[in-house]
Amino acid sequence: MHQGRVVFGAMDEVVFGRPAREAIVEQLDRIGAERAFLMVSGTLNRETDEIEKVRAALGRRCVGTFDKMPAHTPRAAVIAAAEQARGAKADLIVTIGGGSITDGAKAVQLCLANNVTTSDGIETIRTHGGVSPAMNPPTVRQISVPTTIAGGEFSSIAGVTNEAKRQKEMLRHPLVMPRATILDPELSVHTPEWLFLSTGIRAVDHCVEGICSREAHPYGDAQALKGLEMLAAGLPRVKADPKDISARMDCQIGTWLSTGPLASGVPMGASHGIGYVLGAEFDVPHGYTSCVMLPAVMRWNKRDNADRHALVAAAMGHAGADAGDVLDLFIRDLGMPRSLQEVHVGPEHFDRIAKQAMRTPWVPRNPRKIDDPSQVREILEMAA
C-alpha cells in the first residue's frame, strides 16, 4: 500500500508561452506590487535589450537591477543583492536568468526578512542536518522568469555556496518558492547552447532520480515520466535547431514536470548529492554534474531497482534497454561531457568528494543504500 504526504507549494501561477515583459506587468498588477527589484542575467542585461524591455514595461515600478550573481550562488553575492534590494525598498523580486539567480533571490528573501547583512549571518538561516532553523517568513516575495531549465524556480529550496568552506549549503522555507513562474521560450534563445542543454540534463536527472527513488509514489511518477518523455524528445530538437521555439517550450514544460517528485516529498539520490560537492568544490556547472554522474549512479543502483530503470528507458523511447546505457548515449549525442576527467576532476580527489558527499541531504537517501564513502568512491570510479 502506498504511503506518503504531498505538500502543495506556495506558487500561485505558472504562465507559459507568453512574452515575459507582458506577463511580469500582469503579475505586479495581480499582486499589487509597486517596487520591483530585478535580479537578472548579466549577459542578458549587458549584451541584449531583453532586460531593458522589461524595465520599460515596468516604468516607475522598477526600482533597481542586480546583475552580478556568479555561478553556484556564493554567499557574498547574496548579501550584495540583499543590501541593494533593502536600499531600494523593494516589495517584489523579479528574477530573469538561470538557476544561480533564482536561488540567489530565494536567499535574498530570507536575508531581508531576518535582517541578515553579512555572509556569516547566512549561517543563522541555513539548514543544519537537513532541518531549517526558526526564522521570520519572507514578506518580499519572488517572481521567476527562467532562461535555463534546471527547475529551481519550482522549489522552496535554495543552494548557496559557503566560499570559506567551498560547500553548497541549503536554505529552505515554504515561502521562498516564487509566487509565479513565467516560461517564455523566446528568452532562452540567448542562453548558450551548452548551458541550456546541460541544465536540461539536470531536469532529466530530477525526473530519473525521482522515478528511481525508494520513496517514489504515483503522483510524482506521473509528472516525472511525462516530463522525461518531453525532455527526451525536446532536447535533441533544440540541439538540431536552436531557433525551434516549440521544442524549447516542450523542454521548459518538461522541466516544470521534472520537479514533481521533489516537490511532493520524493528525495533525490547520489547523482544530486555528488553533484553538490562537484559544484561547490570544483566549480563544475550544475548541468555538467548530472551529465557526468547520472549514468554511473544508475548503473551502480540497478542491482536494487531494475524495475524502476525499465520505466526510465521506456519513457525515453527505448523500452527494454538498459537505462544507464540509454542515458549515456543520450547525453553524448547532445555533445555534453561524460566523464569526471572531462570536467577536470581526477582520482586524487575522489576520497575527499566521497566523504563530503556523505554529508549531503541526498546520498543517504539513494535507492541503493550507501553506508560509507567507499561506496561513493565506487560510483566516482565508474564516472572517471
# chains A, B, ... in the order shown; residues from 1 in each chain; ligands from 1
>>> residues_around(residues="stretch 202-206 of chain A", least_positions_apart="2", cutoff="9 Å", atoms="only C-alpha atoms", output="PyMOL selection string")
chain A and resi 149-151+197-200+208-211+224+227-228+231-232+254-262+268+271-272+286-291+294
>>> residues_around(residues="A:Val15", least_positions_apart="6", cutoff="7 Å", atoms="only C-alpha atoms", output="list in words")
Thr181, Ile182 and Leu183 of chain A
>>> write_last_selection(atoms="N, CA, C and O atoms", output="compact mmCIF listing (two decimals), in the first residue's frame")
# COMPACT_ATOMS: atom_id res chain seq x y z
N THR A 181 5.83 31.63 -11.78
CA THR A 181 6.91 31.37 -12.73
C THR A 181 6.38 31.63 -14.14
O THR A 181 5.27 31.21 -14.48
N ILE A 182 7.17 32.31 -14.93
CA ILE A 182 6.80 32.68 -16.30
C ILE A 182 7.76 31.97 -17.25
O ILE A 182 8.98 32.18 -17.18
N LEU A 183 7.23 31.11 -18.09
CA LEU A 183 8.04 30.36 -19.05
C LEU A 183 7.91 31.02 -20.42
O LEU A 183 6.88 30.90 -21.09
>>> closest_residue(among="A:Glu26, A:Met170, A:Ile125, A:Ser264", to="A:Val7", atoms="only C-alpha atoms")
A:Ser264
>>> residues_around(residues="A:Ser246", least_positions_apart="5", cutoff="12 Å", atoms="only C-alpha atoms", output="number ranges by chain")
A: 16-17, 184-186, 188-189, 230, 233-235, 237-238, 241, 251-253
>>> residues_around(residues="A:Tyr276", least_positions_apart="4", cutoff="10 Å", atoms="only C-alpha atoms", output="list of chain:residue names")
A:His72, A:Gly159, A:Thr161, A:Gln167, A:Lys168, A:Glu169, A:Ala270, A:Ser271, A:His272, A:Ala280, A:Glu281, A:Phe282, A:Asp283, A:Val284, A:Pro285, A:His286, A:Thr289, A:Ile353, A:Gln356, A:Ala357, A:Thr360, A:Pro361, A:Trp362
>>> write_last_selection(atoms="N, CA and C atoms", output="mmCIF file, in the first residue's frame")
data_model
loop_
_atom_site.group_PDB
_atom_site.id
_atom_site.type_symbol
_atom_site.label_atom_id
_atom_site.label_comp_id
_atom_site.auth_asym_id
_atom_site.auth_seq_id
_atom_site.Cartn_x
_atom_site.Cartn_y
_atom_site.Cartn_z
ATOM 1 N N HIS A 72 26.726 29.144 -8.900
ATOM 2 C CA HIS A 72 26.710 28.475 -7.595
ATOM 3 C C HIS A 72 26.304 29.386 -6.432
ATOM 4 N N GLY A 159 20.152 26.587 -2.979
ATOM 5 C CA GLY A 159 21.523 26.191 -2.693
ATOM 6 C C GLY A 159 22.426 27.408 -2.745
ATOM 7 N N THR A 161 26.483 28.794 -1.865
ATOM 8 C CA THR A 161 27.835 28.301 -1.613
ATOM 9 C C THR A 161 28.522 29.110 -0.515
ATOM 10 N N GLN A 167 31.581 24.802 0.166
ATOM 11 C CA GLN A 167 30.498 23.832 0.306
ATOM 12 C C GLN A 167 29.178 24.474 -0.078
ATOM 13 N N LYS A 168 28.345 23.698 -0.776
ATOM 14 C CA LYS A 168 26.996 24.141 -1.081
ATOM 15 C C LYS A 168 26.116 23.844 0.121
ATOM 16 N N GLU A 169 25.400 24.868 0.577
ATOM 17 C CA GLU A 169 24.534 24.734 1.747
ATOM 18 C C GLU A 169 23.093 25.034 1.350
ATOM 19 N N ALA A 270 22.100 9.839 -5.300
ATOM 20 C CA ALA A 270 23.541 10.098 -5.277
ATOM 21 C C ALA A 270 24.002 11.030 -6.388
ATOM 22 N N SER A 271 23.317 11.042 -7.534
ATOM 23 C CA SER A 271 23.731 11.957 -8.594
ATOM 24 C C SER A 271 23.635 13.401 -8.110
ATOM 25 N N HIS A 272 22.533 13.726 -7.458
ATOM 26 C CA HIS A 272 22.379 15.077 -6.928
ATOM 27 C C HIS A 272 23.350 15.328 -5.776
ATOM 28 N N ALA A 280 30.343 22.875 -5.690
ATOM 29 C CA ALA A 280 30.908 23.772 -4.688
ATOM 30 C C ALA A 280 32.424 23.664 -4.606
ATOM 31 N N GLU A 281 32.954 22.449 -4.709
ATOM 32 C CA GLU A 281 34.384 22.223 -4.502
ATOM 33 C C GLU A 281 35.205 22.456 -5.769
ATOM 34 N N PHE A 282 34.633 22.096 -6.927
ATOM 35 C CA PHE A 282 35.410 22.139 -8.163
ATOM 36 C C PHE A 282 34.805 23.057 -9.224
ATOM 37 N N ASP A 283 33.752 23.780 -8.854
ATOM 38 C CA ASP A 283 33.120 24.756 -9.739
ATOM 39 C C ASP A 283 32.607 24.122 -11.038
ATOM 40 N N VAL A 284 32.189 22.858 -10.956
ATOM 41 C CA VAL A 284 31.586 22.195 -12.121
ATOM 42 C C VAL A 284 30.151 22.700 -12.262
ATOM 43 N N PRO A 285 29.747 23.190 -13.434
ATOM 44 C CA PRO A 285 28.368 23.675 -13.592
ATOM 45 C C PRO A 285 27.351 22.597 -13.225
ATOM 46 N N HIS A 286 26.208 23.038 -12.673
ATOM 47 C CA HIS A 286 25.183 22.099 -12.201
ATOM 48 C C HIS A 286 24.806 21.083 -13.259
ATOM 49 N N THR A 289 27.360 18.368 -13.809
ATOM 50 C CA THR A 289 27.463 17.338 -12.773
ATOM 51 C C THR A 289 26.506 16.192 -13.070
ATOM 52 N N ILE A 353 35.850 13.905 -2.133
ATOM 53 C CA ILE A 353 34.491 14.051 -2.665
ATOM 54 C C ILE A 353 33.547 13.073 -1.974
ATOM 55 N N GLN A 356 32.662 14.134 1.604
ATOM 56 C CA GLN A 356 31.758 15.290 1.625
ATOM 57 C C GLN A 356 30.364 14.911 1.122
ATOM 58 N N ALA A 357 30.300 14.035 0.135
ATOM 59 C CA ALA A 357 29.001 13.640 -0.425
ATOM 60 C C ALA A 357 28.141 12.940 0.629
ATOM 61 N N THR A 360 25.769 15.301 2.381
ATOM 62 C CA THR A 360 24.701 15.984 1.654
ATOM 63 C C THR A 360 23.348 15.368 2.016
ATOM 64 N N PRO A 361 22.244 16.074 1.720
ATOM 65 C CA PRO A 361 20.938 15.511 2.063
ATOM 66 C C PRO A 361 20.571 14.268 1.267
ATOM 67 N N TRP A 362 21.174 14.097 0.065
ATOM 68 C CA TRP A 362 20.631 13.110 -0.860
ATOM 69 C C TRP A 362 21.369 11.776 -0.872
#
>>> atom_distance(atom1="atom CA of A:Ser156", atom2="atom CA of A:Gly129")
17.0 Å
>>> residues_around(residues="A:Lys106", least_positions_apart="3", cutoff="6 Å", atoms="only C-alpha atoms", output="JSON, numbers by chain")
{"A": [103, 109, 176]}
>>> closest_residue(among="A:Arg61, A:Glu163, A:Gln142, A:Glu378", to="A:Ala77", atoms="only C-alpha atoms")
A:Glu163
>>> select_by_dssp(residues="stretch 64-260 of chain A", states="strand (DSSP E)", output="ChimeraX atom specification")
/A:64-66,92-97,141-146,157-162,167-172,180-183
>>> atom_distance(atom1="atom CA of A:Gln341", atom2="atom CA of A:Val292")
9.4 Å
>>> atom_distance(atom1="atom CA of A:Ala88", atom2="atom CA of A:Ala107")
17.0 Å
>>> select_by_dssp(residues="stretch 280-341 of chain A", states="helix (DSSP H, G or I)", output="PyMOL selection string")
chain A and resi 280-282+286-315+323-333+341
>>> write_last_selection(atoms="C-alpha atoms", output="mmCIF file, in the first residue's frame")
data_model
loop_
_atom_site.group_PDB
_atom_site.id
_atom_site.type_symbol
_atom_site.label_atom_id
_atom_site.label_comp_id
_atom_site.auth_asym_id
_atom_site.auth_seq_id
_atom_site.Cartn_x
_atom_site.Cartn_y
_atom_site.Cartn_z
ATOM 1 C CA ALA A 280 30.908 23.772 -4.688
ATOM 2 C CA GLU A 281 34.384 22.223 -4.502
ATOM 3 C CA PHE A 282 35.410 22.139 -8.163
ATOM 4 C CA HIS A 286 25.183 22.099 -12.201
ATOM 5 C CA GLY A 287 24.132 20.643 -15.525
ATOM 6 C CA TYR A 288 27.528 19.098 -16.150
ATOM 7 C CA THR A 289 27.463 17.338 -12.773
ATOM 8 C CA SER A 290 24.343 15.465 -13.902
ATOM 9 C CA CYS A 291 25.813 14.748 -17.344
ATOM 10 C CA VAL A 292 28.818 13.111 -15.723
ATOM 11 C CA MET A 293 27.264 11.354 -12.732
ATOM 12 C CA LEU A 294 23.742 10.215 -13.624
ATOM 13 C CA PRO A 295 24.571 7.204 -15.865
ATOM 14 C CA ALA A 296 27.177 5.954 -13.370
ATOM 15 C CA VAL A 297 24.752 6.269 -10.455
ATOM 16 C CA MET A 298 22.090 4.415 -12.447
ATOM 17 C CA ARG A 299 24.459 1.549 -13.230
ATOM 18 C CA TRP A 300 25.533 1.300 -9.590
ATOM 19 C CA ASN A 301 21.907 1.337 -8.399
ATOM 20 C CA LYS A 302 20.484 -1.138 -10.916
ATOM 21 C CA ARG A 303 21.035 -4.143 -8.650
ATOM 22 C CA ASP A 304 18.346 -2.834 -6.307
ATOM 23 C CA ASN A 305 15.761 -1.121 -8.552
ATOM 24 C CA ALA A 306 15.857 -2.563 -12.073
ATOM 25 C CA ASP A 307 12.053 -2.343 -12.302
ATOM 26 C CA ARG A 308 12.217 1.446 -11.966
ATOM 27 C CA HIS A 309 15.019 1.610 -14.532
ATOM 28 C CA ALA A 310 12.678 -0.044 -17.013
ATOM 29 C CA LEU A 311 10.240 2.865 -16.600
ATOM 30 C CA VAL A 312 13.022 5.341 -17.356
ATOM 31 C CA ALA A 313 14.146 3.573 -20.525
ATOM 32 C CA ALA A 314 10.557 3.291 -21.783
ATOM 33 C CA ALA A 315 9.835 6.989 -21.149
ATOM 34 C CA ALA A 323 18.548 2.827 -18.663
ATOM 35 C CA GLY A 324 22.157 3.699 -17.822
ATOM 36 C CA ASP A 325 23.176 2.999 -21.419
ATOM 37 C CA VAL A 326 20.219 4.981 -22.782
ATOM 38 C CA LEU A 327 21.169 7.987 -20.665
ATOM 39 C CA ASP A 328 24.845 7.656 -21.558
ATOM 40 C CA LEU A 329 24.143 7.734 -25.300
ATOM 41 C CA PHE A 330 21.523 10.500 -24.967
ATOM 42 C CA ILE A 331 23.966 12.776 -23.122
ATOM 43 C CA ARG A 332 26.796 12.005 -25.556
ATOM 44 C CA ASP A 333 24.569 12.795 -28.555
ATOM 45 C CA GLN A 341 38.153 13.755 -16.414
#
>>> closest_atom_pairs(of="stretch 195-261 of chain A", to="stretch 366-370 of chain A", cutoff="7 Å", atoms="only C-alpha atoms", output="JSON lines")
{"residue": "A:Cys212", "atom": "CA", "partner": "A:Pro367", "partner_atom": "CA", "distance": 6.9}
{"residue": "A:Ser213", "atom": "CA", "partner": "A:Pro367", "partner_atom": "CA", "distance": 5.2}
{"residue": "A:Arg214", "atom": "CA", "partner": "A:Pro367", "partner_atom": "CA", "distance": 5.1}
>>> decode(residues="stretch 341-352 of chain A", atoms="N, CA and C atoms", output="mmCIF file, in the first residue's frame")
data_model
loop_
_atom_site.group_PDB
_atom_site.id
_atom_site.type_symbol
_atom_site.label_atom_id
_atom_site.label_comp_id
_atom_site.auth_asym_id
_atom_site.auth_seq_id
_atom_site.Cartn_x
_atom_site.Cartn_y
_atom_site.Cartn_z
ATOM 1 N N GLN A 341 36.940 13.223 -15.795
ATOM 2 C CA GLN A 341 38.153 13.755 -16.414
ATOM 3 C C GLN A 341 37.831 14.951 -17.303
ATOM 4 N N GLU A 342 36.692 14.881 -18.012
ATOM 5 C CA GLU A 342 36.318 15.980 -18.920
ATOM 6 C C GLU A 342 35.950 17.254 -18.177
ATOM 7 N N VAL A 343 35.585 17.142 -16.903
ATOM 8 C CA VAL A 343 35.294 18.347 -16.110
ATOM 9 C C VAL A 343 36.427 18.628 -15.125
ATOM 10 N N HIS A 344 37.599 18.018 -15.396
ATOM 11 C CA HIS A 344 38.848 18.323 -14.681
ATOM 12 C C HIS A 344 38.807 17.919 -13.210
ATOM 13 N N VAL A 345 38.229 16.757 -12.952
ATOM 14 C CA VAL A 345 38.235 16.196 -11.603
ATOM 15 C C VAL A 345 38.925 14.837 -11.681
ATOM 16 N N GLY A 346 40.080 14.708 -11.018
ATOM 17 C CA GLY A 346 40.872 13.487 -11.109
ATOM 18 C C GLY A 346 40.686 12.562 -9.919
ATOM 19 N N PRO A 347 41.175 11.316 -10.030
ATOM 20 C CA PRO A 347 41.024 10.313 -8.960
ATOM 21 C C PRO A 347 41.646 10.730 -7.639
ATOM 22 N N GLU A 348 42.628 11.626 -7.685
ATOM 23 C CA GLU A 348 43.256 12.051 -6.436
ATOM 24 C C GLU A 348 42.284 12.800 -5.522
ATOM 25 N N HIS A 349 41.152 13.235 -6.079
ATOM 26 C CA HIS A 349 40.163 13.963 -5.291
ATOM 27 C C HIS A 349 39.005 13.078 -4.818
ATOM 28 N N PHE A 350 38.989 11.825 -5.244
ATOM 29 C CA PHE A 350 37.793 11.002 -5.017
ATOM 30 C C PHE A 350 37.487 10.765 -3.537
ATOM 31 N N ASP A 351 38.526 10.546 -2.733
ATOM 32 C CA ASP A 351 38.265 10.280 -1.311
ATOM 33 C C ASP A 351 37.607 11.481 -0.645
ATOM 34 N N ARG A 352 38.110 12.689 -0.972
ATOM 35 C CA ARG A 352 37.539 13.888 -0.371
ATOM 36 C C ARG A 352 36.096 14.112 -0.834
#
